[in-house]
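Structure file final.cif (mmCIF, C-alpha atoms and all ligand atoms) follows.
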```
data_query
#
loop_
_atom_site.label_atom_id
_atom_site.label_comp_id
_atom_site.auth_asym_id
_atom_site.auth_seq_id
_atom_site.Cartn_x
_atom_site.Cartn_y
_atom_site.Cartn_z
CA MET C 17 26.87 116.32 96.04
CA LYS C 18 26.54 115.18 92.44
CA LEU C 19 23.68 112.75 91.85
CA GLN C 20 23.27 110.37 88.94
CA LEU C 21 19.72 109.09 88.59
CA VAL C 22 19.09 105.77 86.89
CA GLY C 23 15.40 105.32 86.09
CA PHE C 24 13.03 108.22 85.61
CA GLY C 25 9.64 106.61 86.22
CA ASN C 26 7.26 107.04 89.16
CA VAL C 27 9.90 107.11 91.89
CA GLY C 28 12.58 108.98 89.90
CA ARG C 29 10.23 111.75 88.83
CA THR C 30 8.76 112.09 92.31
CA LEU C 31 12.26 112.24 93.77
CA VAL C 32 13.20 115.11 91.46
CA LEU C 33 10.07 117.01 92.53
CA LEU C 34 10.77 116.27 96.19
CA ILE C 35 14.36 117.54 95.94
CA GLN C 36 12.92 120.75 94.49
CA GLU C 37 10.22 120.96 97.21
CA LYS C 38 12.74 120.36 100.03
CA LYS C 39 15.37 122.77 98.73
CA ASN C 40 15.30 125.01 101.82
CA LYS C 41 15.23 122.07 104.23
CA LEU C 42 18.23 120.52 102.45
CA ALA C 43 20.09 123.84 102.56
CA SER C 44 19.41 124.09 106.30
CA LEU C 45 21.04 120.66 106.67
CA GLY C 46 24.05 121.88 104.71
CA ILE C 47 23.23 119.58 101.79
CA SER C 48 23.51 120.81 98.23
CA LEU C 49 22.34 118.35 95.57
CA LYS C 50 23.12 118.66 91.89
CA ILE C 51 21.55 116.16 89.47
CA VAL C 52 24.20 115.70 86.79
CA SER C 53 22.60 112.85 84.88
CA ILE C 54 19.26 111.12 84.49
CA SER C 55 19.17 107.87 82.55
CA ASP C 56 16.08 106.06 81.32
CA SER C 57 15.76 102.97 79.14
CA LYS C 58 16.75 104.80 75.96
CA GLY C 59 19.40 107.33 76.89
CA THR C 60 20.70 109.93 79.31
CA ALA C 61 20.07 113.60 80.03
CA LEU C 62 23.25 115.14 81.35
CA SER C 63 24.73 118.43 82.47
CA MET C 64 27.72 118.80 84.77
CA LYS C 65 26.31 122.20 85.78
CA GLY C 66 23.19 120.43 87.05
CA LEU C 67 19.94 119.60 85.27
CA ASN C 68 16.95 121.85 85.82
CA PRO C 69 14.22 119.74 87.53
CA ILE C 70 11.26 121.45 85.90
CA GLN C 71 12.83 121.24 82.44
CA VAL C 72 13.71 117.54 82.71
CA LEU C 73 10.22 116.61 83.91
CA ARG C 74 8.62 118.54 81.05
CA HIS C 75 10.98 117.13 78.42
CA LYS C 76 10.60 113.54 79.67
CA ASP C 77 6.85 113.99 79.15
CA SER C 78 7.50 114.90 75.53
CA GLN C 79 9.99 112.00 74.99
CA TRP C 80 12.93 114.45 75.33
CA ASN C 81 11.97 116.05 72.01
CA GLY C 82 14.03 119.20 71.44
CA PHE C 83 16.07 118.73 74.63
CA ASN C 84 19.70 119.17 73.62
CA ASP C 85 21.15 117.71 76.82
CA TYR C 86 19.56 114.28 76.21
CA ILE C 87 21.77 111.77 74.39
CA LEU C 88 19.83 108.93 72.85
CA GLY C 89 21.70 105.62 73.24
CA TYR C 90 24.01 106.91 75.99
CA SER C 91 23.10 104.29 78.60
CA ALA C 92 23.02 104.40 82.38
CA LEU C 93 26.17 102.25 82.38
CA ASP C 94 27.91 104.78 80.10
CA ALA C 95 26.88 107.57 82.46
CA ILE C 96 28.02 105.71 85.59
CA ARG C 97 31.36 104.78 83.99
CA ASN C 98 32.19 108.08 82.33
CA LEU C 99 30.61 110.97 84.22
CA GLU C 100 31.73 112.42 87.50
CA GLY C 101 29.22 111.67 90.28
CA ASP C 102 29.16 111.03 94.02
CA VAL C 103 25.94 109.03 94.38
CA VAL C 104 24.15 106.78 91.91
CA VAL C 105 20.44 106.62 92.69
CA GLU C 106 19.26 103.38 91.15
CA LEU C 107 15.51 103.25 90.37
CA ALA C 108 15.27 100.84 87.47
CA PRO C 109 12.50 98.21 87.30
CA SER C 110 12.60 95.13 89.50
CA THR C 111 13.25 91.91 87.56
CA VAL C 112 13.85 88.24 88.33
CA SER C 113 17.47 88.38 87.11
CA GLY C 114 18.23 91.61 88.98
CA GLU C 115 19.17 93.33 85.71
CA PRO C 116 19.64 96.06 84.62
CA GLY C 117 20.00 97.30 88.21
CA LEU C 118 22.53 94.64 89.23
CA SER C 119 25.17 95.66 86.64
CA GLN C 120 24.46 99.34 87.26
CA ILE C 121 24.99 99.01 91.01
CA LYS C 122 28.12 96.85 90.61
CA THR C 123 29.61 99.35 88.17
CA ALA C 124 28.84 102.28 90.45
CA LEU C 125 30.37 100.61 93.52
CA ALA C 126 33.44 99.52 91.54
CA ARG C 127 33.87 103.20 90.50
CA LYS C 128 33.77 104.11 94.20
CA LYS C 129 30.41 105.84 93.94
CA HIS C 130 27.86 105.56 96.74
CA VAL C 131 24.58 103.89 95.79
CA VAL C 132 21.04 104.49 96.99
CA THR C 133 18.38 102.17 95.62
CA ALA C 134 14.67 101.40 95.87
CA ASN C 135 15.06 98.40 93.57
CA LYS C 136 14.81 95.11 95.46
CA SER C 137 15.91 92.72 92.75
CA PRO C 138 19.70 93.31 92.67
CA LEU C 139 19.81 92.82 96.44
CA VAL C 140 17.68 89.70 96.28
CA VAL C 141 19.97 88.17 93.67
CA ALA C 142 23.36 89.31 95.01
CA PHE C 143 23.13 90.83 98.49
CA GLU C 144 26.44 89.44 99.73
CA GLU C 145 28.37 90.34 96.58
CA LEU C 146 27.05 93.92 96.52
CA THR C 147 27.57 94.68 100.20
CA THR C 148 31.08 93.17 100.06
CA LEU C 149 31.88 95.30 97.01
CA ALA C 150 30.65 98.44 98.80
CA ASP C 151 32.79 97.65 101.86
CA LYS C 152 35.84 96.90 99.72
CA ASN C 153 35.53 100.25 97.93
CA HIS C 154 34.70 102.21 101.12
CA VAL C 155 31.39 103.48 99.78
CA ARG C 156 27.86 103.11 101.06
CA LEU C 157 25.02 101.05 99.63
CA LEU C 158 21.72 102.20 101.17
CA TYR C 159 18.38 100.59 100.41
CA GLU C 160 15.80 101.73 102.97
CA ALA C 161 13.05 102.09 100.33
CA THR C 162 13.34 98.48 99.15
CA VAL C 163 11.40 97.18 102.16
CA ALA C 164 8.04 98.83 102.84
CA ALA C 165 8.99 102.24 101.40
CA HIS C 166 9.52 104.71 104.29
CA LEU C 167 8.84 102.28 107.18
CA PRO C 168 12.02 102.86 109.23
CA VAL C 169 13.67 99.46 109.22
CA PHE C 170 17.37 99.54 108.38
CA CYS C 171 18.01 103.05 109.71
CA MET C 172 16.22 102.22 112.98
CA ALA C 173 18.25 99.03 113.47
CA GLN C 174 21.46 100.88 112.71
CA ALA C 175 20.67 103.86 114.91
CA CYS C 176 19.15 102.05 117.89
CA PHE C 177 20.00 98.35 118.05
CA THR C 178 23.51 97.75 116.75
CA SER C 179 24.60 96.09 120.01
CA ASP C 180 21.50 93.87 120.18
CA GLU C 181 20.60 90.60 118.48
CA LEU C 182 17.40 90.28 116.47
CA MET C 183 15.66 86.98 117.26
CA HIS C 184 12.33 87.22 115.50
CA LEU C 185 10.74 89.47 112.90
CA GLU C 186 7.16 89.58 111.70
CA GLY C 187 5.82 92.11 109.24
CA ILE C 188 3.07 93.21 106.95
CA LEU C 189 5.20 94.36 104.07
CA ASN C 190 2.99 94.35 101.00
CA ALA C 191 0.46 97.18 100.73
CA THR C 192 -1.47 95.61 97.82
CA THR C 193 -2.34 92.38 99.61
CA ASN C 194 -3.16 94.15 102.87
CA PHE C 195 -5.60 96.35 100.98
CA ILE C 196 -7.18 93.36 99.16
CA ILE C 197 -7.60 91.33 102.36
CA GLY C 198 -9.20 94.38 104.02
CA GLU C 199 -11.76 94.58 101.20
CA MET C 200 -12.49 90.84 101.52
CA GLU C 201 -13.07 91.29 105.25
CA LYS C 202 -15.76 93.82 104.30
CA GLY C 203 -17.56 91.06 102.38
CA LYS C 204 -16.24 91.27 98.81
CA ASP C 205 -14.85 88.24 96.98
CA PHE C 206 -11.20 88.02 95.91
CA GLN C 207 -11.75 89.12 92.30
CA SER C 208 -13.79 92.25 93.07
CA SER C 209 -11.38 93.17 95.89
CA LEU C 210 -8.52 92.89 93.41
CA GLU C 211 -10.38 95.05 90.89
CA HIS C 212 -11.08 97.63 93.58
CA ALA C 213 -7.36 97.63 94.50
CA VAL C 214 -6.48 98.29 90.84
CA ASN C 215 -9.05 101.11 90.58
CA GLU C 216 -7.79 102.72 93.77
CA GLY C 217 -4.18 102.59 92.57
CA TRP C 218 -3.02 99.96 95.08
CA ALA C 219 -2.35 97.31 92.47
CA GLU C 220 -1.25 96.98 88.88
CA GLN C 221 -3.46 94.99 86.50
CA ASN C 222 -0.78 92.26 86.56
CA CYS C 223 0.03 91.99 90.26
CA SER C 224 0.62 88.26 90.61
CA ASP C 225 3.96 88.86 92.37
CA ASP C 226 2.06 90.73 95.09
CA VAL C 227 -0.91 88.36 95.31
CA ASP C 228 1.26 85.23 95.30
CA GLY C 229 3.52 86.53 98.07
CA ILE C 230 6.64 86.84 95.89
CA ASP C 231 7.10 90.59 96.42
CA ALA C 232 6.87 90.09 100.18
CA ALA C 233 9.31 87.15 99.97
CA ARG C 234 11.85 89.37 98.18
CA LYS C 235 11.66 91.77 101.12
CA VAL C 236 12.17 88.86 103.50
CA VAL C 237 15.38 87.94 101.65
CA ILE C 238 16.74 91.49 102.03
CA LEU C 239 15.79 91.61 105.72
CA ALA C 240 17.24 88.15 106.44
CA ASN C 241 20.53 89.03 104.71
CA SER C 242 20.71 92.35 106.56
CA PHE C 243 19.84 91.17 110.05
CA PHE C 244 20.22 87.41 110.32
CA GLN C 245 22.39 85.54 107.87
CA ARG C 246 24.20 86.46 104.67
CA GLY C 247 23.66 84.24 101.65
CA VAL C 248 19.93 83.64 102.12
CA LYS C 249 18.13 83.23 98.78
CA LEU C 250 14.55 83.56 97.58
CA GLU C 251 14.18 79.77 97.29
CA ASN C 252 14.85 79.47 101.04
CA VAL C 253 11.59 81.32 101.84
CA LYS C 254 8.38 79.28 102.19
CA VAL C 255 5.77 81.28 100.28
CA GLU C 256 1.99 81.14 100.17
CA GLY C 257 -0.08 83.97 98.66
CA ILE C 258 -3.60 85.18 99.30
CA ARG C 259 -5.58 83.54 96.49
CA GLY C 260 -7.12 81.00 98.87
CA VAL C 261 -7.87 83.16 101.92
CA ASP C 262 -11.71 83.12 101.64
CA HIS C 263 -12.13 80.32 104.19
CA MET C 264 -9.69 82.03 106.61
CA ILE C 265 -11.68 85.25 106.40
CA GLU C 266 -14.81 83.35 107.32
CA ALA C 267 -13.01 81.73 110.28
CA ALA C 268 -11.60 85.10 111.36
CA ARG C 269 -15.06 86.65 111.38
CA LYS C 270 -16.37 83.91 113.69
CA SER C 271 -13.42 84.12 116.11
CA HIS C 272 -12.96 87.94 116.13
CA LYS C 273 -9.53 87.61 114.55
CA ARG C 274 -7.95 89.25 111.51
CA VAL C 275 -6.35 87.71 108.44
CA LYS C 276 -2.99 89.16 107.41
CA LEU C 277 -0.27 88.17 104.95
CA VAL C 278 2.60 87.90 107.41
CA CYS C 279 6.31 87.81 106.61
CA GLU C 280 8.25 85.99 109.30
CA ILE C 281 11.92 85.36 110.04
CA VAL C 282 12.87 83.31 113.10
CA ARG C 283 16.34 82.60 114.37
CA LYS C 284 16.73 78.87 115.17
CA GLY C 285 20.23 78.35 116.51
CA ARG C 286 22.55 79.02 113.60
CA GLN C 287 19.78 78.79 111.06
CA VAL C 288 16.93 81.09 110.10
CA GLU C 289 13.45 80.03 109.06
CA MET C 290 11.61 82.34 106.69
CA SER C 291 8.04 82.38 105.47
CA VAL C 292 5.34 84.49 103.87
CA ARG C 293 1.82 83.18 104.48
CA PRO C 294 -1.68 84.31 105.39
CA ARG C 295 -2.26 83.96 109.11
CA LEU C 296 -5.10 84.42 111.58
CA LEU C 297 -4.03 87.06 114.11
CA SER C 298 -5.70 87.71 117.45
CA ALA C 299 -7.05 91.23 118.08
CA GLU C 300 -4.27 91.87 120.65
CA ASP C 301 -1.54 91.45 118.05
CA PRO C 302 -0.48 94.95 116.91
CA LEU C 303 -0.12 93.66 113.36
CA ALA C 304 -3.87 92.89 113.37
CA ALA C 305 -4.62 96.64 113.48
CA VAL C 306 -2.60 97.48 110.36
CA ASN C 307 -5.27 98.36 107.81
CA GLY C 308 -5.57 99.41 104.17
CA GLY C 309 -2.24 99.89 102.42
CA ASP C 310 -0.34 100.54 105.65
CA MET C 311 2.68 98.45 106.55
CA ALA C 312 4.30 97.45 109.84
CA MET C 313 6.94 95.34 111.49
CA LYS C 314 7.23 93.64 114.88
CA LEU C 315 10.79 92.92 115.94
CA THR C 316 11.92 90.93 118.97
CA TYR C 317 15.45 91.68 120.13
CA LYS C 318 17.37 89.63 122.70
CA THR C 319 17.76 92.62 125.06
CA ALA C 320 15.38 95.35 123.90
CA LYS C 321 12.53 92.80 123.54
CA ARG C 322 9.55 93.79 121.43
CA ILE C 323 9.64 96.80 119.11
CA PHE C 324 6.71 97.66 116.84
CA VAL C 325 6.85 100.15 113.97
CA SER C 326 4.07 100.97 111.56
CA ALA C 327 3.73 103.45 108.74
CA GLN C 328 0.87 104.99 106.89
CA PHE C 329 1.49 104.38 103.22
CA THR C 330 -0.27 106.57 100.69
CA GLY C 331 1.96 106.23 97.65
CA VAL C 332 5.11 106.90 95.73
CA LYS C 333 6.01 110.16 97.49
CA GLN C 334 6.84 108.21 100.62
CA THR C 335 9.09 105.87 98.65
CA ALA C 336 10.86 108.90 97.18
CA SER C 337 11.22 110.40 100.66
CA ALA C 338 12.94 107.23 101.90
CA VAL C 339 15.33 107.49 98.93
CA LEU C 340 16.00 111.16 99.68
CA ASN C 341 16.65 110.37 103.32
CA ASP C 342 19.30 107.82 102.30
CA ILE C 343 20.90 110.44 100.03
CA ILE C 344 20.97 112.89 102.94
CA LYS C 345 22.62 110.25 105.14
CA ILE C 346 25.44 110.00 102.65
CA GLY C 347 25.74 113.77 102.45
CA SER C 348 25.75 114.25 106.22
CA THR C 349 28.90 113.78 108.22
CA GLY C 350 26.97 111.98 111.00
CA GLN C 351 26.04 108.36 110.39
CA ALA C 352 22.81 108.31 112.41
CA CYS C 353 19.35 107.51 111.06
N1 LIG C 401 6.54 102.80 93.08
C1 LIG C 401 6.82 102.63 94.36
O1 LIG C 401 6.20 103.21 95.28
C2 LIG C 401 7.98 101.74 94.77
C3 LIG C 401 8.12 101.36 96.12
C4 LIG C 401 9.24 100.62 96.51
C5 LIG C 401 10.16 100.23 95.55
N2 LIG C 401 9.98 100.56 94.22
C6 LIG C 401 10.99 100.14 93.25
O2 LIG C 401 11.62 101.29 92.69
C7 LIG C 401 12.02 101.05 91.34
C8 LIG C 401 11.42 102.13 90.45
O3 LIG C 401 10.01 102.06 90.54
P1 LIG C 401 9.07 102.95 89.61
O4 LIG C 401 7.71 102.78 90.13
O5 LIG C 401 9.65 104.30 89.47
O6 LIG C 401 9.23 102.18 88.21
P2 LIG C 401 8.81 102.70 86.75
O7 LIG C 401 7.79 103.78 86.86
O8 LIG C 401 8.51 101.49 85.95
O9 LIG C 401 10.16 103.39 86.18
C9 LIG C 401 11.28 102.64 85.83
C10 LIG C 401 12.26 103.55 85.14
O10 LIG C 401 13.44 102.80 84.84
C11 LIG C 401 13.82 103.06 83.50
N3 LIG C 401 14.62 101.99 82.95
C12 LIG C 401 14.22 100.80 82.44
N4 LIG C 401 15.29 100.10 81.99
C13 LIG C 401 16.38 100.90 82.20
C14 LIG C 401 17.76 100.76 81.92
N5 LIG C 401 18.25 99.68 81.33
N6 LIG C 401 18.59 101.78 82.25
C15 LIG C 401 18.10 102.90 82.82
N7 LIG C 401 16.81 103.09 83.13
C16 LIG C 401 15.96 102.09 82.81
C17 LIG C 401 12.52 103.29 82.76
O11 LIG C 401 12.80 103.98 81.55
P3 LIG C 401 11.66 104.53 80.56
O12 LIG C 401 11.13 105.77 81.23
O13 LIG C 401 12.40 104.82 79.32
O14 LIG C 401 10.66 103.44 80.42
C18 LIG C 401 11.76 104.13 83.80
O15 LIG C 401 12.13 105.48 83.69
C19 LIG C 401 11.51 99.64 91.00
O16 LIG C 401 12.56 98.72 91.16
C20 LIG C 401 10.42 99.39 92.03
O17 LIG C 401 10.24 98.03 92.30
C21 LIG C 401 8.92 101.31 93.82
#
```

Give the structure from this file in structure tokens form.
Amino acid sequence: MKLQLVGFGNVGRTLVLLIQEKKNKLASLGISLKIVSISDSKGTALSMKGLNPIQVLRHKDSQWNGFNDYILGYSALDAIRNLEGDVVVELAPSTVSGEPGLSQIKTALARKKHVVTANKSPLVVAFEELTTLADKNHVRLLYEATVAAHLPVFCMAQACFTSDELMHLEGILNATTNFIIGEMEKGKDFQSSLEHAVNEGWAEQNCSDDVDGIDAARKVVILANSFFQRGVKLENVKVEGIRGVDHMIEAARKSHKRVKLVCEIVRKGRQVEMSVRPRLLSAEDPLAAVNGGDMAMKLTYKTAKRIFVSAQFTGVKQTASAVLNDIIKIGSTGQAC
């Protein structure tokens, strides 16, 4: 299968290493992956024979200096339009407008190429348009890594609950805020917990989207569109971040409860109600035991009733593994998770 990578940052680079590491496993599954192009913000490295992973990683480190297969100014859109490829793996930065990922995904689907993405923003902006385009062109658009990295969400629903109806979903879907709240529960104030999160690699210096609940709300939009109702937008989600949780942490300590930033989607007749807000959870709630940067989801189905999934999250390798799993799904004849 010929892969075209768009974005060669943390996830893209880790994915290339992971493909190399899992070579034998992939071969045992009958999957052969050839990376024919890698685009970053300035140009594209390309080889229809397949790029050498070690070489591309080394040359990216030295700004592609002396690498003859890198064409400065040949954009990801040029590569998607003009080169032969089966799957476009879209790993560009998340933005409010959805660009550049939105145009890249639309172009790939219109060219009848499958798409795997970890980038939330195009789906938040245009979920219905993109999934309709994929269906129309008989290609797949897979996005497991967009919500809580490798926490099995979409593949689990598809593999296990297609005949059921999801009524209620609650989740801890932002590792940064879960880590910060955990530090505050140990007695630190918000600012020093945030600094600790940055030092430990759980947060970027500018992580207001995480702290203000926006990143979690974007995940809610993707989940709501996937499982409840197409056409749901970010402005339909009630959002409250964690800047004012000090008093809740005090109350939690006194009542043996935990504070968590909870994403919630509830089916109310034909409507859905969506929120992201800090909540006090009793010790019996499985979400209360999700610590550090881990993430989890509690789903209530009409027939299956309550399902709880949680995942240890340690970093970008798990995001890359969710991306690779989606690629394998496309390469496998079976459609299961
Ligand atoms: N990191 C995680 O664990 C994680 C988890 C879940 C989801 N995600 C999502 O995955 C995506 C990638 O994350 P990341 O951490 O790898 O980001 P990153 O380190 O910032 O890398 C982004 C890459 O995209 C490239 N890029 C920027 N504009 C481009 C354009 N117009 N065309 C082609 N490439 C372009 C950048 O090029 P340059 O190298 O030239 O700057 C860079 O290589 C993001 O949407 C992120 O939200 C990440």

Which residues of chain C sit at most 6 Å from ligand LIG 401 (chain C), using all atoms listed in the file? Give each one's shortest atom pair and distance in Å (one decimal place), in chain and ascending residue order, as a Markdown table.
```
| residue | atom | partner | partner_atom | distance |
| --- | --- | --- | --- | --- |
| C:Val22 | CA | C:LIG401 | C15 | 5.1 |
| C:Gly23 | CA | C:LIG401 | O10 | 3.4 |
| C:Phe24 | CA | C:LIG401 | O15 | 3.5 |
| C:Gly25 | CA | C:LIG401 | O9 | 3.3 |
| C:Asn26 | CA | C:LIG401 | O5 | 3.6 |
| C:Val27 | CA | C:LIG401 | O5 | 3.7 |
| C:Gly28 | CA | C:LIG401 | O5 | 5.5 |
| C:Ser55 | CA | C:LIG401 | C15 | 5.1 |
| C:Asp56 | CA | C:LIG401 | N7 | 3.6 |
| C:Ser57 | CA | C:LIG401 | C13 | 3.7 |
| C:Lys58 | CA | C:LIG401 | O13 | 5.5 |
| C:Ala92 | CA | C:LIG401 | N6 | 5.1 |
| C:Leu107 | CA | C:LIG401 | C7 | 4.2 |
| C:Ala108 | CA | C:LIG401 | O10 | 3.8 |
| C:Pro109 | CA | C:LIG401 | O16 | 3.9 |
| C:Ser110 | CA | C:LIG401 | O16 | 4.0 |
| C:Pro116 | CA | C:LIG401 | N5 | 5.1 |
| C:Ala134 | CA | C:LIG401 | O2 | 4.4 |
| C:Asn135 | CA | C:LIG401 | O16 | 3.5 |
| C:Ala161 | CA | C:LIG401 | C4 | 5.6 |
| C:Thr162 | CA | C:LIG401 | C5 | 5.1 |
| C:Ala165 | CA | C:LIG401 | C4 | 5.2 |
| C:Gly331 | CA | C:LIG401 | O1 | 5.7 |
| C:Val332 | CA | C:LIG401 | O1 | 3.9 |
| C:Thr335 | CA | C:LIG401 | O1 | 5.2 |
```

Practice item. For CA of Lys321 (chain C) and CA of Ser271 (chain C), determine how far apart the two atoms are, in Å to one decimal place. Key: 28.4 Å

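The shortest atom-to-atom distance to Leu118 (chain C), with all atoms listed in the file taken into account, belongs to C:Ala142 out of C:Ala142, C:Val131, C:Ile51, C:Leu167.
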
Practice item. Record the distance separating CA of Ala232 (chain C) and CA of Thr330 (chain C), expressed in Å with one decimal. Key: 18.0 Å

Exercise for review: Could you check how far CA of Leu210 (chain C) sits from CA of Glu251 (chain C), in Å to one decimal?
Suggested key: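 Going from CA of Leu210 (chain C) over to CA of Glu251 (chain C), I get 26.5 Å.
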
Check your understanding: Any idea what's packed within 7 Å of region 183-186 of chain C, counting only C-alpha atoms, ignoring anything in its chain fewer than 2 positions away? Could you give it as an MDAnalysis selection string?
Key -> chainID C and resid 181 278:283 313:318
